[in-house]
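Single-structure report; data block below.
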Amino acid sequence: MASAASKLKDIRKIRRNKQLETFSGYAGIVMIIFLVFILGGGVYDILERPASTLQTSAGTLTSISPYSGEQTINESIVSMFLYTSGFAGLFLIYRSTRVLYDKSKANLSLMIGLGLAVVGFAGAYVLLVLKHSA
């Protein structure tokens with residue numbers, strides 16, 4: 001009888017641990033989404049409601065504000081997309097280290113992850129350089 005009671009206790013611990021792992025996975029995703037929103041300028045967009053494009057002195061339209069204290073909605077969306085692809089790349093790189101049974105799948109995941117991370121963070125850098133040169 002003691003054996004059945006200890007098995008039941010172990011089953012409850014395992015179920016609780018799985019629920020905790022699921023919750024921590026969702027919490028990590030929510031934190032990444034919040035971080036991308038903050039880094040992309042979502043709070044500024046909500047508070048200031050900037051335009052999507054601006055007219056330059058030459059009369060052309062631009063999506064990048066030339067002032068360092070301002071940004072357009074388009075600039076914010078592009079930066080959020082680039083940060084998301086960078087974090088997705090880092091996640092794929094992490095996942096590639098967890099795949100032990102299929103080396104080709106791990107290598108493919110690693111290469112796609114590296115590509116996404118480089119495109120994401122290099123693109124964010126290029127956006128920053130374009131902003132300061134405009």
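Convention: chains lettered A, B, ... in structure tokens order; per-chain residue numbering from 1; ligands numbered from 1 as shown.
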
Selection: 8 Å around range 32-35 of chain A, only C-alpha atoms, excl. self and same-chain fewer than 4 positions, as a CSV table (one decimal) with C-alpha atoms, in the first residue's frame:
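The new file selection_38.csv reads:
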```csv
chain,number,residue,atom,x,y,z
A,28,GLY,CA,9.7,33.2,-22.0
A,39,LEU,CA,13.0,47.8,-28.3
A,87,PHE,CA,15.6,36.4,-31.6
```

Two-atom distance - CA of Arg49 in chain A, CA of Gln71 in chain A (Å):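 Between CA of Arg49 in chain A and CA of Gln71 in chain A the gap is 10.0 Å.
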
Would you please extract all strand (DSSP E) residues from chain A, as assigned by DSSP on the backbone, and give them as a compact mmCIF listing (two decimals) with N, CA and C atoms, in the first residue's frame?
```txt
# COMPACT_ATOMS: atom_id res chain seq x y z
N LEU A 54 7.21 60.65 -43.68
CA LEU A 54 7.48 62.09 -43.52
C LEU A 54 7.92 62.65 -44.86
N GLN A 55 7.66 63.93 -45.05
CA GLN A 55 8.09 64.60 -46.28
C GLN A 55 9.42 65.30 -46.02
N LEU A 61 8.97 61.48 -50.05
CA LEU A 61 8.52 60.84 -48.82
C LEU A 61 9.59 59.88 -48.31
N THR A 62 9.73 59.83 -47.00
CA THR A 62 10.69 58.91 -46.39
C THR A 62 10.03 58.22 -45.19
```

Give me the range 13-82 of chain A side of the contact with range 98-120 of chain A, cut-off 9 Å, one line per residue showing its nearest atom pair and distance in Å at one decimal, counting only C-alpha atoms, sorted by chain and residue number, as a Markdown table.
```
| residue | atom | partner | partner_atom | distance |
| --- | --- | --- | --- | --- |
| A:Ser79 | CA | A:Gly120 | CA | 8.8 |
| A:Phe81 | CA | A:Gly120 | CA | 7.8 |
| A:Leu82 | CA | A:Gly120 | CA | 4.3 |
```

Output N, CA and C atoms of each residue in that selection to a file, as a PDB file, in the first residue's frame.
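Wrote part.pdb, looks like this:
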```
ATOM      1  N   SER A  79      11.842  47.663 -37.432  1.00  0.00           N
ATOM      2  CA  SER A  79      12.767  47.308 -36.351  1.00  0.00           C
ATOM      3  C   SER A  79      12.214  46.152 -35.513  1.00  0.00           C
ATOM      4  N   PHE A  81      10.278  43.743 -36.628  1.00  0.00           N
ATOM      5  CA  PHE A  81      10.457  42.559 -37.459  1.00  0.00           C
ATOM      6  C   PHE A  81      11.909  42.081 -37.422  1.00  0.00           C
ATOM      7  N   LEU A  82      12.847  43.003 -37.515  1.00  0.00           N
ATOM      8  CA  LEU A  82      14.256  42.625 -37.507  1.00  0.00           C
ATOM      9  C   LEU A  82      14.664  42.036 -36.159  1.00  0.00           C
TER      10      LEU A  82
END
```

Within 9 Å of Val78 in chain A using only C-alpha atoms, minus same-chain residues under 4 positions, as number ranges by chain: A: 40, 73-74, 82-83, 124, 127

Backbone-only DSSP, helix (DSSP H, G or I) members of chain A, as a PyMOL selection string: chain A and resi 2-40+42-48+73-96+103-133

Near-Thr84 in chain A list (8 Å; only C-alpha atoms; drop same-chain fewer than 4 positions) as number ranges by chain: A: 36, 80, 88, 120

Residue nearest Tyr125 in chain A - candidates A:Gly86, A:Tyr26, A:Gly41, A:Thr72, atoms counted: only C-alpha atoms: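 Distance minimum relative to Tyr125 in chain A lands on A:Gly86.
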
Straight-line distance linking CA of Arg15 in chain A with CA of Leu92 in chain A, stated in Å to one decimal: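 If I compute the distance from CA of Arg15 in chain A to CA of Leu92 in chain A, I get 27.3 Å.
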
Coordinates-based distance that separates CA of Ala122 in chain A from CA of Asp45 in chain A (Å, one decimal): 23.2 Å

Best match for closeness to Ile38 in chain A among A:Lys131, A:Pro66, A:Ile77, A:Pro50, counting only C-alpha atoms: A:Ile77
